[in-house]
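Here is the file coords02.txt (compact mmCIF, C-alpha atoms and all ligand atoms).
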# COMPACT_ATOMS: atom_id res chain seq x y z
CA MET A 7 0.00 0.00 0.00
CA GLU A 8 1.24 3.48 -0.91
CA PHE A 9 1.36 6.08 1.83
CA ASN A 10 1.11 9.60 0.55
CA TYR A 11 -1.25 12.56 0.86
CA THR A 12 -3.51 11.45 -2.02
CA SER A 13 -3.74 7.85 -0.82
CA MET A 14 -4.58 9.20 2.66
CA LEU A 15 -7.45 11.24 1.15
CA ALA A 16 -8.75 8.14 -0.62
CA HIS A 17 -8.27 5.80 2.36
CA LEU A 18 -10.22 8.16 4.64
CA ASN A 19 -12.71 9.04 1.86
CA ILE A 20 -12.08 12.73 2.45
CA ALA A 21 -14.29 15.12 0.51
CA SER A 22 -13.67 18.70 -0.62
CA ALA A 23 -9.93 18.52 0.02
CA HIS A 24 -9.18 22.05 -1.12
CA PRO A 25 -8.76 25.49 0.45
CA GLY A 26 -12.10 26.81 1.67
CA GLY A 27 -13.71 23.35 1.37
CA LEU A 28 -17.24 22.85 0.06
CA SER A 29 -18.36 26.35 1.10
CA ALA A 30 -15.76 27.85 -1.26
CA THR A 31 -17.15 25.64 -4.07
CA LYS A 32 -20.71 26.72 -3.28
CA LYS A 33 -19.71 30.37 -3.21
CA ALA A 34 -17.86 29.99 -6.52
CA TRP A 35 -20.97 28.45 -8.07
CA GLU A 36 -22.87 31.70 -7.44
CA GLN A 37 -20.42 33.30 -9.88
CA LEU A 38 -20.16 30.34 -12.27
CA LYS A 39 -23.92 29.96 -12.73
CA LYS A 40 -24.13 33.35 -14.46
CA TYR A 41 -22.49 31.74 -17.51
CA GLN A 42 -23.96 29.14 -19.86
CA HIS A 43 -22.38 25.73 -19.44
CA HIS A 44 -23.50 22.76 -21.53
CA CYS A 45 -20.63 20.73 -20.18
CA ILE A 46 -18.71 21.10 -16.90
CA LEU A 47 -15.52 19.15 -16.16
CA ASP A 48 -14.29 18.59 -12.60
CA ALA A 49 -10.59 18.08 -13.26
CA GLY A 50 -8.99 16.03 -10.46
CA CYS A 51 -12.41 15.30 -9.00
CA GLY A 52 -11.16 13.23 -6.05
CA THR A 53 -14.03 11.55 -4.19
CA GLY A 54 -16.65 13.50 -6.18
CA LYS A 55 -18.17 15.87 -3.62
CA THR A 56 -18.14 18.89 -5.94
CA LEU A 57 -19.81 16.81 -8.67
CA GLU A 58 -22.46 15.69 -6.20
CA PHE A 59 -23.14 19.32 -5.34
CA LEU A 60 -23.33 20.20 -9.05
CA THR A 61 -25.99 17.52 -9.68
CA GLU A 62 -28.16 19.43 -7.21
CA VAL A 63 -27.79 22.83 -8.85
CA THR A 64 -27.39 22.35 -12.62
CA ASN A 65 -28.63 20.29 -15.55
CA SER A 66 -25.34 20.70 -17.41
CA ARG A 67 -23.51 17.60 -18.59
CA LEU A 68 -21.11 16.72 -15.76
CA ILE A 69 -17.79 14.91 -16.18
CA GLY A 70 -15.21 14.05 -13.54
CA ILE A 71 -11.69 12.89 -14.24
CA ASP A 72 -8.96 11.74 -11.86
CA GLN A 73 -5.81 9.70 -12.35
CA ASP A 74 -6.25 7.81 -9.09
CA GLN A 75 -8.17 4.55 -9.36
CA ALA A 76 -9.25 4.61 -5.69
CA MET A 77 -10.61 8.15 -6.06
CA ILE A 78 -12.65 7.21 -9.14
CA LYS A 79 -14.04 4.16 -7.30
CA LEU A 80 -15.13 6.35 -4.35
CA ALA A 81 -16.61 8.99 -6.68
CA LYS A 82 -18.57 6.23 -8.46
CA GLN A 83 -19.96 5.02 -5.13
CA ARG A 84 -20.94 8.55 -4.09
CA LEU A 85 -22.50 9.37 -7.47
CA LYS A 86 -24.25 6.04 -8.12
CA GLY A 87 -27.41 6.63 -10.14
CA LYS A 88 -26.55 10.30 -10.73
CA PRO A 89 -25.99 11.70 -14.23
CA VAL A 90 -22.21 12.09 -14.02
CA GLU A 91 -19.55 10.57 -16.29
CA LEU A 92 -16.42 9.49 -14.40
CA ILE A 93 -13.15 8.79 -16.16
CA GLN A 94 -9.80 7.61 -14.87
CA GLY A 95 -7.22 9.65 -16.71
CA LYS A 96 -4.49 12.25 -16.61
CA LEU A 97 -4.97 15.98 -16.86
CA GLN A 98 -1.88 16.22 -19.05
CA LYS A 99 -3.79 14.39 -21.82
CA LEU A 100 -7.49 15.02 -21.42
CA PRO A 101 -9.61 12.65 -23.53
CA PHE A 102 -11.73 15.46 -25.01
CA GLU A 103 -11.87 17.29 -28.31
CA SER A 104 -10.41 20.78 -28.40
CA GLY A 105 -13.00 23.43 -27.52
CA SER A 106 -15.54 20.87 -26.29
CA ILE A 107 -15.83 21.93 -22.62
CA ASP A 108 -17.59 25.07 -21.38
CA CYS A 109 -16.29 25.12 -17.83
CA ILE A 110 -13.48 23.47 -15.87
CA ILE A 111 -13.50 23.33 -12.09
CA SER A 112 -10.07 22.46 -10.72
CA GLU A 113 -9.77 22.43 -6.95
CA SER A 114 -6.36 21.82 -5.41
CA VAL A 115 -5.02 19.79 -8.30
CA VAL A 116 -2.67 21.84 -10.48
CA SER A 117 -0.08 22.37 -7.70
CA PHE A 118 0.50 18.61 -7.62
CA ASN A 119 1.88 18.89 -11.14
CA HIS A 120 4.03 21.10 -13.33
CA VAL A 121 1.65 23.98 -13.86
CA GLU A 122 2.22 24.94 -17.47
CA PRO A 123 1.28 21.67 -19.26
CA ILE A 124 -1.92 21.39 -17.22
CA LEU A 125 -3.05 24.96 -17.92
CA SER A 126 -2.22 24.45 -21.58
CA GLU A 127 -4.38 21.30 -21.69
CA TYR A 128 -7.22 23.07 -19.85
CA ASN A 129 -6.98 25.83 -22.44
CA ARG A 130 -7.09 23.35 -25.33
CA VAL A 131 -10.28 21.60 -24.23
CA LEU A 132 -12.15 24.77 -23.20
CA ARG A 133 -14.13 26.60 -25.85
CA PRO A 134 -13.12 30.23 -26.45
CA GLY A 135 -14.74 32.22 -23.65
CA GLY A 136 -15.03 29.06 -21.53
CA ILE A 137 -14.58 29.42 -17.78
CA LEU A 138 -11.83 28.04 -15.55
CA LEU A 139 -12.33 28.04 -11.79
CA LEU A 140 -9.06 27.32 -10.07
CA ILE A 141 -8.65 26.89 -6.32
CA GLU A 142 -5.03 26.43 -5.34
CA MET A 143 -2.61 26.51 -2.46
CA THR A 144 -0.58 29.72 -2.72
CA GLY A 145 2.66 30.68 -1.00
CA ASP A 146 3.03 33.99 0.77
CA GLN A 147 6.29 35.94 0.39
CA THR A 148 7.18 34.91 3.95
CA LEU A 149 7.34 31.22 2.98
CA THR A 150 10.97 30.18 3.44
CA GLN A 151 12.90 27.69 1.30
CA GLU A 152 12.88 25.33 4.25
CA MET A 153 9.10 25.48 4.54
CA ILE A 154 8.71 25.02 0.77
CA LYS A 155 10.85 21.89 0.93
CA GLU A 156 8.85 20.49 3.81
CA VAL A 157 5.48 21.19 2.18
CA GLU A 158 6.60 19.83 -1.20
CA GLN A 159 7.86 16.65 0.43
CA PHE A 160 4.82 16.09 2.62
CA TYR A 161 2.18 16.71 -0.08
CA GLN A 162 4.40 15.48 -2.92
CA ILE A 163 3.49 18.61 -4.78
CA LYS A 164 5.53 20.02 -7.62
CA SER A 165 4.67 23.71 -7.52
CA ILE A 166 3.99 26.14 -4.68
CA LEU A 167 3.32 29.32 -6.60
CA SER A 168 3.00 32.81 -5.17
CA LEU A 169 0.01 34.94 -6.10
CA ASP A 170 2.05 36.80 -8.73
CA GLU A 171 3.27 33.51 -10.20
CA TRP A 172 -0.28 32.15 -10.49
CA ILE A 173 -1.42 35.33 -12.22
CA GLU A 174 1.55 35.19 -14.58
CA SER A 175 0.97 31.48 -15.36
CA LEU A 176 -2.70 32.10 -16.12
CA GLU A 177 -1.83 34.98 -18.43
CA LYS A 178 0.79 32.85 -20.21
CA GLY A 179 -1.79 30.07 -20.46
CA GLN A 180 -4.05 32.41 -22.47
CA PHE A 181 -6.62 33.05 -19.76
CA ASP A 182 -8.20 36.37 -18.83
CA LEU A 183 -8.38 36.71 -15.08
CA ILE A 184 -11.86 37.92 -14.16
CA ASP A 185 -11.56 37.78 -10.40
CA TYR A 186 -9.38 36.33 -7.64
CA PHE A 187 -9.38 36.35 -3.86
CA PRO A 188 -7.79 34.56 -0.90
CA LEU A 189 -9.31 31.59 0.87
CA SER A 190 -8.35 29.92 4.10
CA ALA A 191 -5.86 27.11 3.42
CA THR A 192 -8.01 24.75 5.45
CA THR A 193 -11.27 23.14 4.43
CA ASP A 194 -14.35 24.74 5.99
CA GLY A 195 -14.58 22.70 9.16
CA ASP A 196 -17.32 20.38 7.94
CA ALA A 197 -14.80 18.16 6.16
CA GLU A 198 -16.27 14.75 5.41
CA LEU A 199 -14.18 11.70 6.23
CA LYS A 200 -14.78 8.07 7.08
CA ILE A 201 -13.00 6.29 9.91
CA THR A 202 -13.77 2.60 10.39
CA PRO A 203 -12.18 -0.11 12.58
CA ASP A 204 -10.15 -1.04 9.45
CA THR A 205 -8.69 2.43 9.08
CA ASN A 206 -4.93 2.24 9.03
CA GLN A 207 -3.36 4.28 11.86
CA ILE A 208 -0.65 5.52 9.49
CA PHE A 209 -3.27 7.48 7.54
CA LEU A 210 -4.71 8.98 10.73
CA ASP A 211 -1.20 10.10 11.70
CA TYR A 212 -0.79 11.52 8.22
CA LEU A 213 -4.03 13.47 8.60
CA ASN A 214 -2.88 14.86 11.95
CA HIS A 215 0.38 15.97 10.37
CA HIS A 216 -1.58 17.67 7.62
CA TYR A 217 -3.71 19.64 10.11
CA HIS A 218 -0.62 20.48 12.11
CA ARG A 219 1.22 21.81 9.04
CA ILE A 220 -1.74 23.85 7.82
CA GLU A 221 -2.04 25.38 11.28
CA SER A 222 1.62 26.15 11.72
CA PHE A 223 1.96 27.63 8.20
CA GLN A 224 -1.34 29.48 8.24
CA LYS A 225 0.28 32.82 7.45
CA GLU A 226 2.73 31.50 4.88
CA LEU A 227 0.49 29.10 3.00
CA ILE A 228 -2.93 30.28 1.95
CA GLY A 229 -5.45 29.35 -0.68
CA TYR A 230 -6.56 31.42 -3.65
CA GLN A 231 -9.52 31.22 -5.93
CA PHE A 232 -8.98 32.32 -9.54
CA PHE A 233 -11.93 32.86 -11.81
CA CYS A 234 -10.75 32.99 -15.42
CA GLN A 235 -11.98 32.93 -18.96
CA LYS A 236 -10.24 31.40 -21.94
CA LYS A 237 -9.30 34.17 -24.32
CA MET A 238 -11.50 34.51 -27.38
CA THR A 239 -9.73 33.50 -30.61
CA GLU A 240 -7.54 36.35 -31.72
CA GLN A 241 -9.20 38.58 -34.31
CA THR A 242 -6.99 39.30 -37.28
CA ASN A 243 -7.26 42.96 -38.17
CA ASP A 244 -6.99 43.18 -41.90
CA ASP A 245 -6.15 46.82 -42.48
CA SER A 246 -5.42 46.40 -46.16
CA ILE A 247 -8.16 47.61 -48.50
C1 LIG A 301 -6.01 17.30 -3.14
S1 LIG A 301 -6.94 16.23 -4.12
C2 LIG A 301 -8.34 17.28 -4.48
C3 LIG A 301 -9.52 16.47 -4.97
C4 LIG A 301 -10.78 17.28 -5.26
N1 LIG A 301 -10.57 18.24 -6.31
C5 LIG A 301 -11.27 17.95 -4.00
O1 LIG A 301 -11.32 19.17 -3.95
O2 LIG A 301 -11.60 17.21 -3.06
C6 LIG A 301 -6.06 16.22 -5.66
C7 LIG A 301 -6.66 15.25 -6.67
O3 LIG A 301 -6.12 15.53 -7.95
C8 LIG A 301 -5.79 14.31 -8.59
N2 LIG A 301 -4.70 14.61 -9.53
C9 LIG A 301 -3.54 15.25 -9.26
N3 LIG A 301 -2.79 15.34 -10.37
C10 LIG A 301 -3.50 14.77 -11.37
C11 LIG A 301 -3.24 14.55 -12.75
N4 LIG A 301 -2.11 14.94 -13.32
N5 LIG A 301 -4.19 13.92 -13.49
C12 LIG A 301 -5.35 13.51 -12.92
N6 LIG A 301 -5.63 13.67 -11.61
C13 LIG A 301 -4.73 14.30 -10.84
C14 LIG A 301 -5.38 13.39 -7.45
O4 LIG A 301 -5.47 12.03 -7.81
C15 LIG A 301 -6.37 13.79 -6.36
O5 LIG A 301 -7.55 13.05 -6.43

Could I get this file's structure written as structure tokens?
Amino acid sequence: MEFNYTSMLAHLNIASAHPGGLSATKKAWEQLKKYQHHCILDAGCGTGKTLEFLTEVTNSRLIGIDQDQAMIKLAKQRLKGKPVELIQGKLQKLPFESGSIDCIISESVVSFNHVEPILSEYNRVLRPGGILLLIEMTGDQTLTQEMIKEVEQFYQIKSILSLDEWIESLEKGQFDLIDYFPLSATTDGDAELKITPDTNQIFLDYLNHHYHRIESFQKELIGYQFFCQKKMTEQTNDDSI
């Protein structure tokens, strides 16, 4: 059995494992719902809590994708009988046609990867004007190299970006930033998890370490929500007459 942050989330069936938790998702929906979405993709859907919420508030086509087999299994259990398509796959190579998705929700996923290829793939599958909601861990300027190393090792994440670096990456990735604001790095306190007599103590220790780290780095490590729109295709200005 693998012991890492993601396997801990799956083993304890933890839902809404992103800054701000489910309340941040619900709040974001108030903004998202103003746009027309035929198809919404939850990229790195984990155990499927956001998708479950979406089935309650929209009739859009809903798709969840995650590379982790255990996560997809748990999402399937949660969403049994609900109109959601679940796919095991990698965000680096999304199994969708270019321009076929209206909205991507990506909650605490991109940081676990090299940022640029993921944003580029999100941009490819979104239609021009499509919406990207990104919720990500963000490093404050006070985050030291030592802390970065510790956080990267513990979460096995590849990128702790500062606010400026996120904004720059989104611009490079051909997104217009509509709105962004900070979120608490923790979930919202009503985090859902399942502990049974079979629960491995190692994962409970892991969870305790996670809470401890979040608490001790609460000034240095925060969450941010970015609400972006894929740039419209560039207009060619033909000045010649
Ligand atoms: C911290 S969890 C967040 C899950 C969910 N978005 C939530 O808010 O509860 C990160 C998830 O992203 C998935 N993930 C990370 N990198 C991925 C990649 N390159 N392709 C597909 N899934 C990925 C992991 O398997 C994990 O389920």

Requested in this report: For ligand LIG 301 (chain A), list the contacting residues at 6 Å or closer, counting only C-alpha atoms and all ligand atoms, as a PyMOL selection string.
Outcome: chain A and resi 12+21-24+50-52+72-74+77+95-98+113-115+118-119

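Between Lys39 (chain A) and the residues A:Gly105, A:Leu139, A:Lys178, A:Pro123, the shortest atom-to-atom distance, using only C-alpha atoms, involves A:Leu139.
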
Within 10 Å of Ile69 (chain A), counting all atoms listed in the file, which residues show up once you throw out same-chain ones fewer than 6 positions away? Write them as a compact mmCIF listing (two decimals) with C-alpha atoms, in the coordinates of the input, please.
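The result, stored in around20.txt:
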# COMPACT_ATOMS: atom_id res chain seq x y z
CA CYS A 45 -20.63 20.73 -20.18
CA ILE A 46 -18.71 21.10 -16.90
CA LEU A 47 -15.52 19.15 -16.16
CA ASP A 48 -14.29 18.59 -12.60
CA ALA A 49 -10.59 18.08 -13.26
CA CYS A 51 -12.41 15.30 -9.00
CA LEU A 57 -19.81 16.81 -8.67
CA PRO A 89 -25.99 11.70 -14.23
CA VAL A 90 -22.21 12.09 -14.02
CA GLU A 91 -19.55 10.57 -16.29
CA LEU A 92 -16.42 9.49 -14.40
CA ILE A 93 -13.15 8.79 -16.16
CA ILE A 107 -15.83 21.93 -22.62
CA ILE A 110 -13.48 23.47 -15.87

Query raised in the report: Using all atoms listed in the file, which of A:Asp108, A:Glu171, A:Glu158, A:Glu127 sits nearest Leu38 (chain A)?
Result: A:Asp108

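Each of A:Phe233, A:Phe209, A:Ile163, A:Gly26 was compared to Phe9 (chain A) using all atoms listed in the file, and A:Phe209 turns out to be the nearest.
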
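Between CA of Trp35 (chain A) and CA of Cys109 (chain A) the interatomic distance comes to 11.3 Å.
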
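Separating CA of Asp204 (chain A) from CA of Lys82 (chain A) is a distance of 21.1 Å.
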
Report task. Report the distance between CA of His218 (chain A) and CA of Gln159 (chain A) in Å, rounded to one decimal place. Result ->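 Answer for the CA of His218 (chain A) to CA of Gln159 (chain A) separation: 14.9 Å.
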
Requested in this report: Using all atoms listed in the file, determine which residues lie at most 12 Å from Lys40 (chain A), disregarding the query and same-chain residues fewer than 6 positions distant; provide the list as a list in words.
Outcome: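 Listing them by chain and then by number gives Ala34, Thr64, Cys109 and Ile137 of chain A.
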
Copy region 74-89 of chain A out of the block into a file, keeping all heavy atoms, as a PDB file, in the first residue's frame.
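Contents of the output file out_9.pdb:
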ATOM      1  N   ASP A  74      -6.355   8.784 -10.175  1.00  0.00           N
ATOM      2  CA  ASP A  74      -6.246   7.810  -9.091  1.00  0.00           C
ATOM      3  C   ASP A  74      -7.438   6.846  -9.106  1.00  0.00           C
ATOM      4  O   ASP A  74      -8.597   7.262  -8.958  1.00  0.00           O
ATOM      5  CB  ASP A  74      -6.193   8.584  -7.762  1.00  0.00           C
ATOM      6  CG  ASP A  74      -5.796   7.697  -6.607  1.00  0.00           C
ATOM      7  OD1 ASP A  74      -6.671   6.944  -6.115  1.00  0.00           O
ATOM      8  OD2 ASP A  74      -4.626   7.763  -6.208  1.00  0.00           O
ATOM      9  N   GLN A  75      -7.122   5.573  -9.245  1.00  0.00           N
ATOM     10  CA  GLN A  75      -8.173   4.554  -9.361  1.00  0.00           C
ATOM     11  C   GLN A  75      -9.085   4.533  -8.128  1.00  0.00           C
ATOM     12  O   GLN A  75     -10.307   4.437  -8.239  1.00  0.00           O
ATOM     13  CB  GLN A  75      -7.493   3.191  -9.526  1.00  0.00           C
ATOM     14  CG  GLN A  75      -8.423   2.126 -10.010  1.00  0.00           C
ATOM     15  CD  GLN A  75      -7.700   0.789 -10.181  1.00  0.00           C
ATOM     16  OE1 GLN A  75      -6.552   0.626  -9.737  1.00  0.00           O
ATOM     17  NE2 GLN A  75      -8.352  -0.157 -10.814  1.00  0.00           N
ATOM     18  N   ALA A  76      -8.464   4.659  -6.932  1.00  0.00           N
ATOM     19  CA  ALA A  76      -9.253   4.606  -5.694  1.00  0.00           C
ATOM     20  C   ALA A  76     -10.213   5.792  -5.614  1.00  0.00           C
ATOM     21  O   ALA A  76     -11.357   5.659  -5.156  1.00  0.00           O
ATOM     22  CB  ALA A  76      -8.310   4.603  -4.484  1.00  0.00           C
ATOM     23  N   MET A  77      -9.760   6.956  -6.069  1.00  0.00           N
ATOM     24  CA  MET A  77     -10.614   8.154  -6.063  1.00  0.00           C
ATOM     25  C   MET A  77     -11.818   7.946  -6.986  1.00  0.00           C
ATOM     26  O   MET A  77     -12.951   8.263  -6.629  1.00  0.00           O
ATOM     27  CB  MET A  77      -9.831   9.383  -6.543  1.00  0.00           C
ATOM     28  CG  MET A  77      -8.778   9.857  -5.580  1.00  0.00           C
ATOM     29  SD  MET A  77      -9.521  10.479  -4.063  1.00  0.00           S
ATOM     30  CE  MET A  77      -8.146  11.365  -3.357  1.00  0.00           C
ATOM     31  N   ILE A  78     -11.557   7.419  -8.176  1.00  0.00           N
ATOM     32  CA  ILE A  78     -12.652   7.210  -9.140  1.00  0.00           C
ATOM     33  C   ILE A  78     -13.658   6.192  -8.576  1.00  0.00           C
ATOM     34  O   ILE A  78     -14.872   6.364  -8.695  1.00  0.00           O
ATOM     35  CB  ILE A  78     -12.082   6.759 -10.521  1.00  0.00           C
ATOM     36  CG1 ILE A  78     -11.356   7.930 -11.183  1.00  0.00           C
ATOM     37  CG2 ILE A  78     -13.168   6.202 -11.439  1.00  0.00           C
ATOM     38  CD1 ILE A  78     -12.250   9.115 -11.612  1.00  0.00           C
ATOM     39  N   LYS A  79     -13.147   5.172  -7.898  1.00  0.00           N
ATOM     40  CA  LYS A  79     -14.040   4.165  -7.302  1.00  0.00           C
ATOM     41  C   LYS A  79     -14.956   4.826  -6.249  1.00  0.00           C
ATOM     42  O   LYS A  79     -16.162   4.607  -6.219  1.00  0.00           O
ATOM     43  CB  LYS A  79     -13.173   3.066  -6.661  1.00  0.00           C
ATOM     44  CG  LYS A  79     -13.939   1.832  -6.303  1.00  0.00           C
ATOM     45  CD  LYS A  79     -13.006   0.735  -5.837  1.00  0.00           C
ATOM     46  CE  LYS A  79     -13.811  -0.292  -5.056  1.00  0.00           C
ATOM     47  NZ  LYS A  79     -13.000  -1.079  -4.164  1.00  0.00           N
ATOM     48  N   LEU A  80     -14.351   5.673  -5.401  1.00  0.00           N
ATOM     49  CA  LEU A  80     -15.128   6.349  -4.352  1.00  0.00           C
ATOM     50  C   LEU A  80     -16.128   7.339  -4.963  1.00  0.00           C
ATOM     51  O   LEU A  80     -17.274   7.445  -4.496  1.00  0.00           O
ATOM     52  CB  LEU A  80     -14.185   7.090  -3.390  1.00  0.00           C
ATOM     53  CG  LEU A  80     -13.340   6.174  -2.500  1.00  0.00           C
ATOM     54  CD1 LEU A  80     -12.204   6.955  -1.848  1.00  0.00           C
ATOM     55  CD2 LEU A  80     -14.208   5.512  -1.433  1.00  0.00           C
ATOM     56  N   ALA A  81     -15.694   8.033  -6.016  1.00  0.00           N
ATOM     57  CA  ALA A  81     -16.608   8.986  -6.679  1.00  0.00           C
ATOM     58  C   ALA A  81     -17.781   8.219  -7.290  1.00  0.00           C
ATOM     59  O   ALA A  81     -18.931   8.664  -7.218  1.00  0.00           O
ATOM     60  CB  ALA A  81     -15.850   9.778  -7.730  1.00  0.00           C
ATOM     61  N   LYS A  82     -17.491   7.043  -7.857  1.00  0.00           N
ATOM     62  CA  LYS A  82     -18.572   6.230  -8.460  1.00  0.00           C
ATOM     63  C   LYS A  82     -19.567   5.794  -7.397  1.00  0.00           C
ATOM     64  O   LYS A  82     -20.774   5.808  -7.602  1.00  0.00           O
ATOM     65  CB  LYS A  82     -17.990   4.999  -9.173  1.00  0.00           C
ATOM     66  CG  LYS A  82     -17.433   5.348 -10.540  1.00  0.00           C
ATOM     67  CD  LYS A  82     -17.048   4.124 -11.346  1.00  0.00           C
ATOM     68  CE  LYS A  82     -16.613   4.568 -12.741  1.00  0.00           C
ATOM     69  NZ  LYS A  82     -15.811   3.582 -13.453  1.00  0.00           N
ATOM     70  N   GLN A  83     -19.052   5.427  -6.222  1.00  0.00           N
ATOM     71  CA  GLN A  83     -19.955   5.025  -5.128  1.00  0.00           C
ATOM     72  C   GLN A  83     -20.823   6.206  -4.709  1.00  0.00           C
ATOM     73  O   GLN A  83     -22.028   6.100  -4.558  1.00  0.00           O
ATOM     74  CB  GLN A  83     -19.148   4.558  -3.911  1.00  0.00           C
ATOM     75  CG  GLN A  83     -18.626   3.133  -4.054  1.00  0.00           C
ATOM     76  CD  GLN A  83     -17.545   2.808  -3.010  1.00  0.00           C
ATOM     77  OE1 GLN A  83     -17.322   3.557  -2.070  1.00  0.00           O
ATOM     78  NE2 GLN A  83     -16.882   1.676  -3.185  1.00  0.00           N
ATOM     79  N   ARG A  84     -20.201   7.362  -4.538  1.00  0.00           N
ATOM     80  CA  ARG A  84     -20.942   8.550  -4.095  1.00  0.00           C
ATOM     81  C   ARG A  84     -22.019   8.955  -5.112  1.00  0.00           C
ATOM     82  O   ARG A  84     -23.112   9.386  -4.755  1.00  0.00           O
ATOM     83  CB  ARG A  84     -19.966   9.714  -3.909  1.00  0.00           C
ATOM     84  CG  ARG A  84     -20.613  10.996  -3.416  1.00  0.00           C
ATOM     85  CD  ARG A  84     -19.696  12.188  -3.588  1.00  0.00           C
ATOM     86  NE  ARG A  84     -18.496  12.134  -2.795  1.00  0.00           N
ATOM     87  CZ  ARG A  84     -18.444  12.379  -1.481  1.00  0.00           C
ATOM     88  NH1 ARG A  84     -19.534  12.714  -0.840  1.00  0.00           N
ATOM     89  NH2 ARG A  84     -17.296  12.295  -0.845  1.00  0.00           N
ATOM     90  N   LEU A  85     -21.646   8.807  -6.419  1.00  0.00           N
ATOM     91  CA  LEU A  85     -22.502   9.367  -7.471  1.00  0.00           C
ATOM     92  C   LEU A  85     -23.355   8.307  -8.163  1.00  0.00           C
ATOM     93  O   LEU A  85     -23.896   8.560  -9.236  1.00  0.00           O
ATOM     94  CB  LEU A  85     -21.616  10.102  -8.487  1.00  0.00           C
ATOM     95  CG  LEU A  85     -20.908  11.320  -7.892  1.00  0.00           C
ATOM     96  CD1 LEU A  85     -19.726  11.751  -8.732  1.00  0.00           C
ATOM     97  CD2 LEU A  85     -21.889  12.475  -7.730  1.00  0.00           C
ATOM     98  N   LYS A  86     -23.486   7.153  -7.527  1.00  0.00           N
ATOM     99  CA  LYS A  86     -24.248   6.039  -8.118  1.00  0.00           C
ATOM    100  C   LYS A  86     -25.666   6.518  -8.476  1.00  0.00           C
ATOM    101  O   LYS A  86     -26.347   7.128  -7.655  1.00  0.00           O
ATOM    102  CB  LYS A  86     -24.327   4.900  -7.096  1.00  0.00           C
ATOM    103  CG  LYS A  86     -24.623   3.580  -7.717  1.00  0.00           C
ATOM    104  CD  LYS A  86     -24.363   2.438  -6.775  1.00  0.00           C
ATOM    105  CE  LYS A  86     -24.809   1.162  -7.448  1.00  0.00           C
ATOM    106  NZ  LYS A  86     -25.511   0.277  -6.613  1.00  0.00           N
ATOM    107  N   GLY A  87     -26.057   6.265  -9.714  1.00  0.00           N
ATOM    108  CA  GLY A  87     -27.414   6.632 -10.141  1.00  0.00           C
ATOM    109  C   GLY A  87     -27.552   8.099 -10.524  1.00  0.00           C
ATOM    110  O   GLY A  87     -28.616   8.531 -10.956  1.00  0.00           O
ATOM    111  N   LYS A  88     -26.484   8.868 -10.376  1.00  0.00           N
ATOM    112  CA  LYS A  88     -26.551  10.295 -10.730  1.00  0.00           C
ATOM    113  C   LYS A  88     -25.947  10.497 -12.128  1.00  0.00           C
ATOM    114  O   LYS A  88     -25.062   9.751 -12.546  1.00  0.00           O
ATOM    115  CB  LYS A  88     -25.788  11.140  -9.703  1.00  0.00           C
ATOM    116  CG  LYS A  88     -26.314  10.948  -8.278  1.00  0.00           C
ATOM    117  CD  LYS A  88     -26.396  12.239  -7.527  1.00  0.00           C
ATOM    118  CE  LYS A  88     -27.347  12.124  -6.369  1.00  0.00           C
ATOM    119  NZ  LYS A  88     -26.779  12.223  -5.078  1.00  0.00           N
ATOM    120  N   PRO A  89     -26.426  11.510 -12.835  1.00  0.00           N
ATOM    121  CA  PRO A  89     -25.987  11.697 -14.229  1.00  0.00           C
ATOM    122  C   PRO A  89     -24.602  12.341 -14.342  1.00  0.00           C
ATOM    123  O   PRO A  89     -24.467  13.499 -14.726  1.00  0.00           O
ATOM    124  CB  PRO A  89     -27.073  12.625 -14.793  1.00  0.00           C
ATOM    125  CG  PRO A  89     -27.557  13.390 -13.611  1.00  0.00           C
ATOM    126  CD  PRO A  89     -27.392  12.516 -12.400  1.00  0.00           C
TER     127      PRO A  89
END
